[in-house]
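Text of entry_7.txt (compact mmCIF, C-alpha atoms and all ligand atoms) as supplied:
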```
# COMPACT_ATOMS: atom_id res chain seq x y z
CA MET A 1391 -37.94 5.04 30.66
CA PRO A 1392 -38.22 3.33 33.98
CA SER A 1393 -35.08 2.96 36.00
CA GLU A 1394 -36.72 0.11 37.84
CA ASN A 1395 -39.47 -2.16 36.71
CA GLN A 1396 -41.49 -5.13 37.91
CA SER A 1397 -38.49 -7.46 37.63
CA GLY A 1398 -36.81 -5.52 40.39
CA MET A 1399 -33.67 -4.92 38.33
CA GLN A 1400 -32.41 -1.45 37.60
CA CYS A 1401 -30.84 -0.29 34.34
CA VAL A 1402 -27.52 0.20 36.09
CA GLU A 1403 -27.56 -3.41 37.30
CA CYS A 1404 -28.63 -4.56 33.89
CA GLU A 1405 -25.70 -2.78 32.32
CA GLY A 1406 -23.37 -4.28 34.89
CA LEU A 1407 -24.50 -7.76 33.87
CA LEU A 1408 -24.38 -7.08 30.15
CA ALA A 1409 -20.89 -8.50 29.49
CA GLU A 1410 -21.67 -11.71 31.38
CA ALA A 1411 -25.08 -11.96 29.78
CA ILE A 1412 -23.50 -11.82 26.32
CA ASP A 1413 -20.92 -14.39 27.43
CA GLY A 1414 -23.81 -16.65 28.41
CA ALA A 1415 -22.54 -16.66 31.98
CA LEU A 1416 -25.80 -15.66 33.68
CA HIS A 1417 -27.85 -18.35 35.34
CA GLY A 1418 -30.89 -18.89 37.50
CA SER A 1419 -32.67 -15.98 39.03
CA THR A 1420 -30.13 -13.42 37.81
CA LEU A 1421 -30.71 -14.47 34.23
CA ALA A 1422 -34.48 -14.42 34.75
CA ALA A 1423 -34.35 -10.92 36.21
CA PHE A 1424 -32.07 -9.74 33.41
CA GLU A 1425 -34.44 -11.10 30.75
CA ALA A 1426 -37.49 -9.68 32.49
CA HIS A 1427 -35.84 -6.28 32.50
CA GLN A 1428 -35.19 -6.55 28.76
CA GLN A 1429 -38.89 -7.19 28.17
CA SER A 1430 -39.95 -4.00 29.82
CA CYS A 1431 -36.99 -1.66 29.08
CA PRO A 1432 -36.46 -0.69 25.41
CA ALA A 1433 -33.25 1.22 26.22
CA CYS A 1434 -31.59 -1.82 27.74
CA ARG A 1435 -32.93 -3.99 24.93
CA THR A 1436 -31.21 -1.72 22.39
CA MET A 1437 -28.06 -1.78 24.47
CA VAL A 1438 -27.98 -5.56 24.47
CA GLU A 1439 -28.68 -5.70 20.74
CA GLU A 1440 -25.93 -3.22 19.92
CA ALA A 1441 -23.36 -4.84 22.18
CA THR A 1442 -24.15 -8.23 20.68
CA ALA A 1443 -23.83 -6.82 17.17
CA GLY A 1444 -20.53 -5.16 18.07
CA LEU A 1445 -19.18 -8.43 19.44
CA HIS A 1446 -20.34 -10.18 16.30
CA TRP A 1447 -18.43 -7.72 14.11
CA LEU A 1448 -15.28 -8.01 16.20
CA GLU A 1449 -15.38 -11.79 16.19
CA GLY A 1450 -15.46 -11.64 12.42
CA LEU A 1451 -12.04 -10.00 12.35
CA ASP A 1452 -9.45 -12.55 11.36
CA GLU A 1453 -6.01 -12.71 12.85
CA VAL A 1454 -3.55 -11.10 10.48
CA GLU A 1455 -0.26 -12.56 9.35
CA PRO A 1456 2.78 -10.65 10.64
CA PRO A 1457 5.27 -9.51 7.98
CA ARG A 1458 7.74 -12.19 6.90
CA HIS A 1459 10.79 -10.44 8.26
CA LEU A 1460 9.38 -9.49 11.64
CA VAL A 1461 11.04 -12.32 13.58
CA HIS A 1462 14.32 -11.71 11.76
CA ASN A 1463 14.22 -8.03 12.58
CA ILE A 1464 13.34 -8.61 16.22
CA LEU A 1465 16.19 -11.07 16.70
CA ALA A 1466 18.64 -8.81 14.91
CA GLN A 1467 17.65 -5.92 17.15
CA THR A 1468 17.81 -7.91 20.37
CA ILE A 1469 20.44 -10.64 20.17
CA GLY A 1470 21.87 -9.43 16.87
CA ALA A 1471 21.53 -12.76 15.15
CA LEU A 1472 19.45 -14.51 12.60
CA PRO A 1473 17.05 -17.21 13.70
CA SER A 1474 18.79 -20.56 13.42
CA GLU A 1475 16.10 -23.04 12.50
CA HIS A 1476 13.41 -20.77 11.10
CA ALA A 1477 15.63 -18.94 8.67
CA VAL A 1478 15.45 -19.49 4.97
CA VAL A 1479 17.37 -22.69 4.46
CA SER A 1480 21.04 -22.04 4.14
CA PRO A 1481 22.43 -24.92 2.12
CA ARG A 1482 25.56 -25.86 4.03
CA GLY A 1483 25.46 -24.97 7.71
CA GLU A 1484 27.00 -21.71 8.70
CA GLY A 1485 27.50 -19.68 5.58
CA TRP A 1486 30.07 -17.06 4.82
CA LEU A 1487 27.40 -14.40 5.07
CA ASP A 1488 26.39 -15.64 8.51
CA LYS A 1489 29.96 -15.39 9.71
CA VAL A 1490 30.21 -11.82 8.47
CA LYS A 1491 26.90 -10.99 10.11
CA GLY A 1492 28.01 -12.59 13.36
CA ARG A 1493 31.22 -10.63 13.40
CA LEU A 1494 29.50 -7.37 12.64
CA ALA A 1495 26.61 -7.83 15.02
CA PRO A 1496 28.26 -6.13 18.02
CA ILE A 1497 29.53 -3.23 15.93
CA PHE A 1498 26.25 -2.51 14.22
CA ALA A 1499 23.92 -3.57 17.01
CA PRO A 1500 22.01 -0.25 17.06
CA VAL A 1501 21.22 -0.35 13.35
CA ALA A 1502 21.61 -4.03 12.67
CA THR A 1503 18.70 -5.62 10.94
CA PRO A 1504 18.81 -8.65 8.66
CA ARG A 1505 18.26 -6.28 5.80
CA PHE A 1506 21.23 -4.22 6.92
CA ALA A 1507 23.37 -7.30 7.29
CA MET A 1508 22.34 -8.58 3.92
CA SER A 1509 22.88 -5.22 2.33
CA PHE A 1510 26.29 -5.09 3.86
CA GLY A 1511 26.96 -8.60 2.70
CA MET A 1512 26.01 -7.57 -0.76
CA ALA A 1513 28.11 -4.44 -0.66
CA PHE A 1514 31.05 -6.55 0.42
CA PHE A 1515 30.28 -9.07 -2.27
CA SER A 1516 30.10 -6.35 -4.91
CA ILE A 1517 33.46 -4.96 -3.88
CA THR A 1518 34.97 -8.43 -3.85
CA LEU A 1519 33.63 -9.31 -7.24
CA LEU A 1520 34.59 -6.04 -8.86
CA LEU A 1521 38.07 -5.96 -7.43
CA SER A 1522 38.48 -9.50 -8.62
CA ILE A 1523 37.52 -8.41 -12.11
CA ALA A 1524 39.94 -5.54 -11.78
CA GLY A 1525 42.70 -8.09 -11.24
CA LEU A 1526 42.67 -8.33 -7.49
CA HIS A 1527 41.94 -11.30 -5.33
CA ILE A 1528 40.10 -11.94 -2.13
CA SER A 1529 43.39 -12.28 -0.29
CA ASP A 1530 44.26 -8.70 -1.26
CA LEU A 1531 41.17 -7.43 0.47
CA ARG A 1532 42.69 -8.26 3.81
CA ARG A 1533 45.03 -5.34 3.32
CA LEU A 1534 42.23 -2.93 2.53
CA ASP A 1535 40.44 -0.62 4.87
CA LEU A 1536 37.70 -2.89 6.03
CA SER A 1537 37.42 -1.25 9.40
CA SER A 1538 33.90 -0.73 10.59
CA LYS A 1539 34.09 2.97 9.76
CA GLY A 1540 35.25 2.38 6.24
CA ILE A 1541 32.59 -0.20 5.71
CA ALA A 1542 29.92 1.95 7.25
CA ARG A 1543 30.76 4.77 4.87
CA THR A 1544 30.67 2.48 1.88
CA TYR A 1545 27.57 0.87 3.21
CA SER A 1546 25.56 4.06 3.57
CA SER A 1547 26.15 5.09 0.00
CA THR A 1548 25.39 1.61 -1.25
CA GLN A 1549 22.47 0.68 0.89
CA ALA A 1550 19.66 2.29 -1.07
CA ARG A 1551 20.81 0.76 -4.32
CA VAL A 1552 21.58 -2.61 -2.84
CA ILE A 1553 18.27 -2.91 -1.06
CA ARG A 1554 16.43 -2.40 -4.29
CA TYR A 1555 18.29 -5.23 -5.93
CA TYR A 1556 18.57 -7.64 -3.07
CA ASP A 1557 15.34 -7.35 -1.20
CA ASN A 1558 14.93 -11.01 -1.63
CA LEU A 1559 16.38 -13.63 0.65
CA ARG A 1560 16.59 -16.34 -1.91
CA LEU A 1561 18.61 -14.16 -4.20
CA VAL A 1562 20.95 -13.35 -1.35
CA TYR A 1563 21.57 -16.99 -0.62
CA GLU A 1564 22.05 -17.72 -4.27
CA ILE A 1565 24.66 -15.03 -4.43
CA GLU A 1566 26.17 -16.30 -1.24
CA SER A 1567 26.82 -19.62 -2.95
CA ARG A 1568 28.42 -17.74 -5.83
CA VAL A 1569 30.67 -16.00 -3.38
CA ARG A 1570 31.61 -19.41 -2.11
CA ASP A 1571 32.49 -20.45 -5.67
CA LEU A 1572 34.54 -17.34 -6.09
CA ARG A 1573 36.40 -18.05 -2.89
CA ARG A 1574 37.04 -21.61 -3.92
CA VAL A 1575 38.59 -20.38 -7.13
CA ALA A 1576 40.58 -17.77 -5.26
CA ALA A 1577 41.80 -20.27 -2.67
CA PRO A 1578 44.76 -21.76 -4.64
CA GLU A 1579 46.29 -18.33 -4.95
CA LYS A 1580 46.07 -17.82 -1.23
CA GLN A 1581 48.41 -20.74 -0.79
CA GLN A 1582 51.30 -18.62 -2.09
CA PRO A 1583 50.96 -15.66 0.21
CA GLU A 1584 54.37 -14.14 -0.47
CA GLU A 1585 53.78 -13.99 -4.21
CA PRO A 1586 52.53 -10.67 -5.48
CA ALA A 1587 49.08 -10.90 -6.96
CA PRO A 1588 49.53 -12.42 -10.38
CA LYS A 1589 48.75 -10.19 -13.31
CA THR A 1590 45.51 -11.39 -14.73
CA GLN A 1591 44.05 -10.26 -17.99
CA PRO A 1592 40.36 -10.04 -17.24
CA LYS A 1593 39.39 -9.89 -20.91
CA SER A 1594 41.21 -13.07 -21.80
CA ASP A 1595 40.24 -15.02 -18.72
CA ASN A 1596 37.13 -16.99 -19.37
CA ARG A 1597 36.06 -17.21 -15.76
CA GLN A 1598 36.50 -13.51 -15.24
CA ASP A 1599 34.31 -12.88 -18.26
CA GLN A 1600 31.62 -14.99 -16.71
CA ASP A 1601 31.91 -13.06 -13.52
CA LYS A 1602 31.58 -9.85 -15.40
CA ASN A 1603 28.45 -11.13 -17.09
CA ARG A 1604 27.02 -11.87 -13.69
CA THR A 1605 27.91 -8.40 -12.59
CA ASN A 1606 26.08 -6.96 -15.52
CA GLN A 1607 23.04 -9.04 -14.76
CA ASN A 1608 23.01 -8.16 -11.14
CA TYR A 1609 23.65 -4.48 -11.37
CA SER A 1610 22.35 -3.69 -14.84
CA ARG A 1611 25.47 -1.64 -15.12
CA ASP A 1612 27.61 -0.49 -17.99
CA ALA A 1613 30.53 -2.89 -18.34
CA SER A 1614 32.92 -0.03 -18.93
CA GLN A 1615 32.34 1.40 -15.48
CA PRO A 1616 32.11 -1.46 -13.07
CA GLU A 1617 33.22 0.57 -10.08
CA LEU A 1618 30.14 2.73 -10.31
CA ALA A 1619 28.03 -0.25 -9.42
CA VAL A 1620 29.62 -0.29 -5.99
CA SER A 1621 29.35 3.37 -5.32
CA PRO A 1622 27.35 5.62 -7.57
CA ALA A 1623 29.04 8.56 -5.94
CA GLY A 1624 32.61 7.69 -6.77
CA ASN A 1625 33.93 10.46 -4.57
CA GLU A 1626 32.63 8.90 -1.38
CA PRO A 1627 35.50 8.83 1.08
CA GLY A 1628 35.11 5.15 1.92
CA MET A 1629 34.99 4.22 -1.70
CA LYS A 1630 37.97 6.38 -2.53
CA ASN A 1631 40.01 4.44 -0.02
CA LEU A 1632 39.08 1.23 -1.71
CA THR A 1633 39.61 2.36 -5.26
CA ASN A 1634 42.85 4.12 -4.45
CA GLN A 1635 44.06 1.06 -2.67
CA ALA A 1636 42.97 -1.00 -5.63
CA ARG A 1637 44.95 1.18 -8.00
CA LEU A 1638 47.94 1.03 -5.70
CA ASN A 1639 47.76 -2.73 -5.58
CA ARG A 1640 47.41 -2.92 -9.33
CA ARG A 1641 50.55 -0.82 -9.73
CA THR A 1642 52.56 -2.88 -7.31
CA ALA A 1643 51.35 -6.11 -8.84
CA MET F 522 -0.01 -26.09 34.25
CA ASP F 523 2.59 -27.74 32.02
CA ASP F 524 2.37 -24.78 29.71
CA ILE F 525 3.10 -22.30 32.46
CA GLN F 526 6.02 -24.36 33.72
CA ALA F 527 7.41 -24.70 30.22
CA VAL F 528 7.14 -20.96 29.66
CA ASN F 529 8.76 -20.19 33.00
CA ALA F 530 11.63 -22.56 32.21
CA LEU F 531 12.03 -20.83 28.88
CA ILE F 532 12.21 -17.46 30.57
CA ARG F 533 14.79 -18.68 33.09
CA ARG F 534 16.96 -19.92 30.23
CA CYS F 535 16.47 -16.65 28.48
CA VAL F 536 17.50 -14.59 31.49
CA THR F 537 20.74 -16.56 31.68
CA GLY F 538 21.50 -15.50 28.12
CA ASP F 539 20.23 -18.48 26.14
CA ALA F 540 19.66 -17.08 22.65
CA ALA F 541 17.69 -20.11 21.50
CA ALA F 542 15.24 -19.61 24.36
CA TRP F 543 14.75 -16.00 23.37
CA GLN F 544 14.19 -17.01 19.79
CA GLU F 545 11.53 -19.42 20.99
CA ILE F 546 9.79 -16.65 22.90
CA VAL F 547 9.88 -14.38 19.85
CA GLN F 548 8.43 -17.17 17.72
CA GLN F 549 5.68 -17.88 20.22
CA TYR F 550 4.54 -14.34 20.90
CA HIS F 551 5.27 -12.19 17.86
CA ARG F 552 2.00 -13.03 16.17
CA ARG F 553 -0.08 -12.03 19.18
CA ILE F 554 1.88 -8.85 19.76
CA TYR F 555 1.76 -7.89 16.11
CA ASN F 556 -2.00 -8.39 16.00
CA ILE F 557 -2.62 -6.28 19.09
CA CYS F 558 -0.44 -3.52 17.64
CA TYR F 559 -2.09 -3.81 14.25
CA ARG F 560 -5.64 -3.57 15.53
CA PHE F 561 -4.73 -0.78 17.90
CA SER F 562 -2.64 1.34 15.50
CA GLY F 563 -4.59 0.49 12.38
CA SER F 564 -1.49 0.32 10.23
CA PRO F 565 0.67 -2.70 9.33
CA GLU F 566 3.83 -0.59 9.15
CA ASP F 567 3.28 0.94 12.58
CA ALA F 568 2.38 -2.50 13.93
CA ALA F 569 5.70 -3.94 12.71
CA ASP F 570 7.68 -1.04 14.20
CA LEU F 571 5.78 -1.21 17.47
CA SER F 572 6.13 -4.98 17.72
CA GLN F 573 9.88 -4.67 17.37
CA GLU F 574 9.93 -2.06 20.10
CA VAL F 575 7.86 -4.31 22.34
CA PHE F 576 10.37 -7.13 21.96
CA ILE F 577 13.32 -4.83 22.56
CA LYS F 578 11.63 -3.69 25.74
CA MET F 579 10.80 -7.24 26.75
CA TYR F 580 14.36 -8.32 26.10
CA ARG F 581 15.68 -5.61 28.38
CA THR F 582 13.17 -6.17 31.15
CA LEU F 583 12.65 -9.92 31.04
CA SER F 584 14.50 -10.39 34.32
CA THR F 585 11.90 -8.23 36.06
CA PHE F 586 9.07 -10.59 35.14
CA ASP F 587 7.69 -12.06 38.35
CA THR F 588 6.23 -15.53 37.79
CA THR F 589 4.29 -15.33 41.03
CA ARG F 590 2.36 -12.21 40.12
CA ALA F 591 0.93 -12.82 36.69
CA SER F 592 1.14 -15.17 33.75
CA PHE F 593 3.76 -14.45 31.13
CA MET F 594 1.00 -13.86 28.59
CA THR F 595 -0.42 -11.12 30.83
CA TRP F 596 3.03 -9.63 31.27
CA VAL F 597 3.69 -9.65 27.52
CA THR F 598 0.33 -8.03 26.90
CA THR F 599 1.01 -5.42 29.57
CA VAL F 600 4.36 -4.50 28.01
CA THR F 601 2.67 -4.22 24.62
CA ARG F 602 -0.22 -2.17 25.91
CA ASN F 603 2.01 0.22 27.88
CA LEU F 604 4.14 0.85 24.84
CA LEU F 605 1.07 1.48 22.69
CA VAL F 606 -0.37 3.92 25.20
CA ASP F 607 3.00 5.62 25.49
CA HIS F 608 3.35 6.11 21.78
CA PHE F 609 -0.17 7.22 21.10
CA ARG F 610 -0.19 9.59 24.03
CA LYS F 611 2.86 11.24 22.50
CA GLY F 612 1.00 11.41 19.22
CA LYS F 613 3.86 9.69 17.49
CA TYR F 614 1.61 7.43 15.49
CA ASP F 615 -1.41 9.69 15.26
CA ARG F 616 -2.62 10.21 11.79
CA ILE F 617 -5.80 11.21 10.13
CA THR F 618 -7.88 8.10 10.11
CA ASP F 619 -9.29 7.06 6.80
CA SER F 620 -12.87 7.71 6.16
CA LEU F 621 -14.98 4.78 7.18
CA GLU F 622 -16.97 5.23 4.02
CA ALA F 623 -14.01 5.15 1.67
CA THR F 624 -13.77 1.41 1.62
CA PRO F 625 -12.32 -0.57 -1.21
CA GLY F 626 -14.89 -2.29 -3.33
CA ASN F 627 -17.42 0.49 -3.44
CA GLN F 628 -16.58 1.33 -7.00
CA ASP F 629 -15.25 -1.85 -8.46
CA ASP F 630 -18.30 -4.00 -9.03
CA GLY F 631 -21.28 -1.72 -8.66
CA LEU F 632 -22.41 -3.30 -5.42
CA THR F 633 -22.71 -0.93 -2.51
CA LEU F 634 -21.07 -1.85 0.73
CA ALA F 635 -24.46 -2.31 2.29
CA GLU F 636 -25.40 -4.78 -0.40
CA LYS F 637 -22.21 -6.69 0.24
CA LEU F 638 -22.70 -6.75 3.96
CA GLU F 639 -26.33 -7.67 3.66
CA ASP F 640 -26.16 -10.05 0.78
CA PRO F 641 -29.37 -12.05 1.34
CA SER F 642 -28.00 -15.11 -0.42
CA ALA F 643 -24.86 -15.28 1.67
CA GLY F 644 -26.16 -15.16 5.22
CA PRO F 645 -24.81 -12.96 8.01
CA GLU F 646 -21.60 -14.94 8.59
CA ALA F 647 -20.46 -14.42 5.02
CA GLY F 648 -21.10 -10.70 5.43
CA VAL F 649 -18.94 -10.41 8.52
CA ARG F 650 -16.21 -12.57 6.99
CA SER F 651 -15.94 -10.73 3.68
CA GLN F 652 -12.84 -8.69 3.01
CA GLU F 653 -14.89 -5.51 2.76
CA ALA F 654 -16.42 -6.14 6.14
CA GLN F 655 -13.02 -6.83 7.64
CA THR F 656 -11.73 -3.52 6.33
CA LEU F 657 -14.79 -1.70 7.55
CA VAL F 658 -14.64 -3.13 11.06
CA HIS F 659 -10.90 -2.56 11.24
CA LYS F 660 -11.39 1.12 10.40
CA ALA F 661 -14.29 1.47 12.77
CA LEU F 662 -12.14 0.06 15.54
CA ARG F 663 -9.64 2.84 14.92
CA LYS F 664 -12.42 5.36 15.60
CA LEU F 665 -13.09 4.12 19.10
CA SER F 666 -11.34 5.97 21.90
CA PRO F 667 -8.08 4.23 22.90
CA GLU F 668 -9.62 3.11 26.19
CA LEU F 669 -12.52 1.34 24.56
CA ARG F 670 -10.39 0.07 21.70
CA GLU F 671 -7.84 -1.65 23.89
CA ALA F 672 -10.58 -3.22 25.99
CA VAL F 673 -12.40 -4.84 23.05
CA ILE F 674 -9.12 -5.85 21.39
CA LEU F 675 -8.01 -7.73 24.48
CA ARG F 676 -11.41 -9.29 25.11
CA ASP F 677 -12.90 -9.97 21.69
CA LEU F 678 -9.77 -10.39 19.55
CA GLN F 679 -7.33 -11.84 22.09
CA ASP F 680 -9.85 -13.77 24.20
CA MET F 681 -8.46 -12.62 27.53
CA ASP F 682 -10.59 -12.96 30.63
CA TYR F 683 -11.76 -9.93 32.56
CA LYS F 684 -9.40 -10.53 35.45
CA ASP F 685 -6.32 -10.51 33.23
CA ILE F 686 -7.53 -7.50 31.27
CA ALA F 687 -7.99 -5.70 34.57
CA LEU F 688 -4.36 -6.50 35.43
CA VAL F 689 -3.12 -5.26 32.06
CA LEU F 690 -5.15 -2.05 32.11
CA LYS F 691 -4.73 -1.53 35.87
CA VAL F 692 -8.42 -0.80 36.39
CA PRO F 693 -11.10 -2.72 38.33
CA GLU F 694 -12.91 -5.55 36.58
CA GLY F 695 -16.15 -3.59 36.62
CA THR F 696 -14.49 -0.83 34.64
CA VAL F 697 -13.14 -3.41 32.19
CA LYS F 698 -16.63 -4.79 31.59
CA SER F 699 -18.12 -1.36 31.19
CA ARG F 700 -15.45 -0.41 28.62
CA ILE F 701 -16.01 -3.61 26.70
CA ASN F 702 -19.75 -2.95 26.63
CA ARG F 703 -19.28 0.59 25.45
CA GLY F 704 -16.65 -0.43 22.91
CA ARG F 705 -18.95 -3.01 21.40
CA THR F 706 -22.02 -0.80 21.28
CA GLU F 707 -20.11 2.15 19.88
CA LEU F 708 -18.59 -0.02 17.21
CA ALA F 709 -22.01 -1.35 16.26
CA ARG F 710 -23.33 2.22 16.01
CA LEU F 711 -20.38 3.32 13.85
CA LEU F 712 -20.94 0.43 11.48
CA GLN F 713 -24.69 1.01 11.44
CA ARG F 714 -24.11 4.66 10.57
CA SER F 715 -21.78 3.81 7.73
CA TYR F 716 -24.32 1.29 6.55
CA ARG F 717 -26.96 4.00 6.41
CA GLN F 718 -24.63 6.35 4.56
CA VAL F 719 -23.78 3.95 1.79
CA SER F 720 -27.30 2.67 1.28
ZN ZN H 1701 -33.10 -0.72 31.51
```

Is it possible to give me this structure as structure tokens?
Ligand SMILES: [Zn+2]
Amino acid sequence: MPSENQSGMQCVECEGLLAEAIDGALHGSTLAAFEAHQQSCPACRTMVEEATAGLHWLEGLDEVEPPRHLVHNILAQTIGALPSEHAVVSPRGEGWLDKVKGRLAPIFAPVATPRFAMSFGMAFFSITLLLSIAGLHISDLRRLDLSSKGIARTYSSTQARVIRYYDNLRLVYEIESRVRDLRRVAAPEKQQPEEPAPKTQPKSDNRQDQDKNRTNQNYSRDASQPELAVSPAGNEPGMKNLTNQARLNRRTA
Amino acid sequence: MDDIQAVNALIRRCVTGDAAAWQEIVQQYHRRIYNICYRFSGSPEDAADLSQEVFIKMYRTLSTFDTTRASFMTWVTTVTRNLLVDHFRKGKYDRITDSLEATPGNQDDGLTLAEKLEDPSAGPEAGVRSQEAQTLVHKALRKLSPELREAVILRDLQDMDYKDIALVLKVPEGTVKSRINRGRTELARLLQRSYRQVS
């Protein structure tokens, strides 16, 4: 193969102009010399054909859609917050879950992801609901060990299970609104803070029965062992704190 | 120039701790960054992990972005590319690449890949656009050396000009062009070879 032909252009030059030639950016005498070289140099002709084909293949690649939670995860890992306007619509402004997430963001910054926050929210919700069934009320929870360490321990044992059930934003928000309902019901009792928690009979209380039904739906758990839904390993230290405290409160009540 | 000014204003707000500005940046650039990572790494899971790392790095180093030296797009791409190179040099994301020949669709309807790519009734555009072709090209891309791969990704998938690619890759423009040429021709040869094997 000739390295130089009648057009006066060498293969090296031809190769140097290849990208621009494919872009259609060659004009005038340069273009004429490039084309003349193609006529007489099969190697460069092949090169142009292959490069054009390669470009054609690449241009056929469509842009792919990033995963749905990517923006959420990025924001959680950088500013530790959920996106405000692009989030799944939260019905009434700042939700209870958002407040919890906001408060926990600095503590859990290294591991905080929306999934983590939601999982935690759900773990907290589960505890709340189950303690409520067990005769306790939201207000009682303030006395429990809800320090970050205690929660982290409970969280780690709960996460795997919770993720499986709540890997769905809509469900989380639905449950969030149920939490709100629960709090609304619990609110009147909070107005008498000095009163010991009233003895409730979960079996005879209609609302509590409904709550228990929800629990069964959500956790697919045996009604006789509701605590297990929170922590499958009942001997987890964090969980023990909670259940012991729950028993203690039940006795004092 | 309005775009550049808007972006620079956004970055200034961001540097002063404006979370909404940062959110805007994430919204504007995550798609591009994810796509670069996806085409470079070959895997959607790795691409998601890498994209998150890119944004964490950007968030930490945003104040070092110099508006007078390069466009923000070039800076974002440079951060992404450096992180990719870093990770793949360490072998963190190296895995055995799937066989180019083991493409989905070979068994399901009796048509060979070659027949699908060269369907005479569909015309060449339909061939390139088909899902099988997309998978095939995506896998072929993964077989290029990282140097050629990044060059064609930035040029042919991200539509960057040679000057900006040269800034990102920190090589002369001539080298950029040569890598793009080689990337394209090598890709065409890989796909031609797989075509011959399935036919
Ligand atoms: Zn030649």

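A distance cut-off of 6 Å from ligand ZN 1701 (chain H), applied to all atoms listed in the file, picks out the residues Cys1401, Cys1431, Ala1433 and Cys1434 of chain A.
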
Select, as a PDB file with C-alpha atoms, in the frame of the given file, those residues of chain F with any atom no more than 8 Å from chain A (distances computed using all atoms listed in the file).
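Listing of result13.pdb after writing:
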```pdb
ATOM      1  CA  ALA F 540      19.660 -17.080  22.650  1.00  0.00           C
ATOM      2  CA  GLN F 544      14.190 -17.010  19.790  1.00  0.00           C
ATOM      3  CA  VAL F 547       9.880 -14.380  19.850  1.00  0.00           C
ATOM      4  CA  GLN F 548       8.430 -17.170  17.720  1.00  0.00           C
ATOM      5  CA  HIS F 551       5.270 -12.190  17.860  1.00  0.00           C
ATOM      6  CA  ARG F 552       2.000 -13.030  16.170  1.00  0.00           C
ATOM      7  CA  TYR F 555       1.760  -7.890  16.110  1.00  0.00           C
ATOM      8  CA  ASN F 556      -2.000  -8.390  16.000  1.00  0.00           C
ATOM      9  CA  ALA F 569       5.700  -3.940  12.710  1.00  0.00           C
ATOM     10  CA  GLN F 573       9.880  -4.670  17.370  1.00  0.00           C
ATOM     11  CA  PHE F 576      10.370  -7.130  21.960  1.00  0.00           C
ATOM     12  CA  ILE F 577      13.320  -4.830  22.560  1.00  0.00           C
ATOM     13  CA  TYR F 580      14.360  -8.320  26.100  1.00  0.00           C
ATOM     14  CA  GLU F 646     -21.600 -14.940   8.590  1.00  0.00           C
ATOM     15  CA  VAL F 649     -18.940 -10.410   8.520  1.00  0.00           C
ATOM     16  CA  ARG F 650     -16.210 -12.570   6.990  1.00  0.00           C
ATOM     17  CA  GLN F 655     -13.020  -6.830   7.640  1.00  0.00           C
ATOM     18  CA  VAL F 658     -14.640  -3.130  11.060  1.00  0.00           C
ATOM     19  CA  HIS F 659     -10.900  -2.560  11.240  1.00  0.00           C
ATOM     20  CA  ASP F 677     -12.900  -9.970  21.690  1.00  0.00           C
ATOM     21  CA  LEU F 678      -9.770 -10.390  19.550  1.00  0.00           C
ATOM     22  CA  GLY F 695     -16.150  -3.590  36.620  1.00  0.00           C
ATOM     23  CA  LYS F 698     -16.630  -4.790  31.590  1.00  0.00           C
ATOM     24  CA  SER F 699     -18.120  -1.360  31.190  1.00  0.00           C
ATOM     25  CA  ILE F 701     -16.010  -3.610  26.700  1.00  0.00           C
ATOM     26  CA  ASN F 702     -19.750  -2.950  26.630  1.00  0.00           C
ATOM     27  CA  ARG F 703     -19.280   0.590  25.450  1.00  0.00           C
ATOM     28  CA  GLY F 704     -16.650  -0.430  22.910  1.00  0.00           C
ATOM     29  CA  ARG F 705     -18.950  -3.010  21.400  1.00  0.00           C
ATOM     30  CA  THR F 706     -22.020  -0.800  21.280  1.00  0.00           C
ATOM     31  CA  GLU F 707     -20.110   2.150  19.880  1.00  0.00           C
ATOM     32  CA  LEU F 708     -18.590  -0.020  17.210  1.00  0.00           C
ATOM     33  CA  ALA F 709     -22.010  -1.350  16.260  1.00  0.00           C
ATOM     34  CA  ARG F 710     -23.330   2.220  16.010  1.00  0.00           C
TER      35      ARG F 710
END
```

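The space between atom CA of F:Arg670 and atom CA of F:Tyr550 spans 20.8 Å.
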
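The neighbours of stretch 590-603 of chain F here are the residues that come within 7 Å of it, using only C-alpha atoms and leaving out any residue fewer than 3 positions away in the same chain; they are F:Ile554, F:Val575, F:Asp587, F:Val606, F:Asp607, F:Asp685, F:Val689.
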
Query - Distance of atom CA of F:Leu688 from atom CA of F:Arg534, expressed in Å to one decimal place - result: 25.7 Å

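Nearest to F:His608 of all the residues F:Thr537, F:Gln549, F:Ser562, F:Thr582 is F:Ser562, based on only C-alpha atoms.
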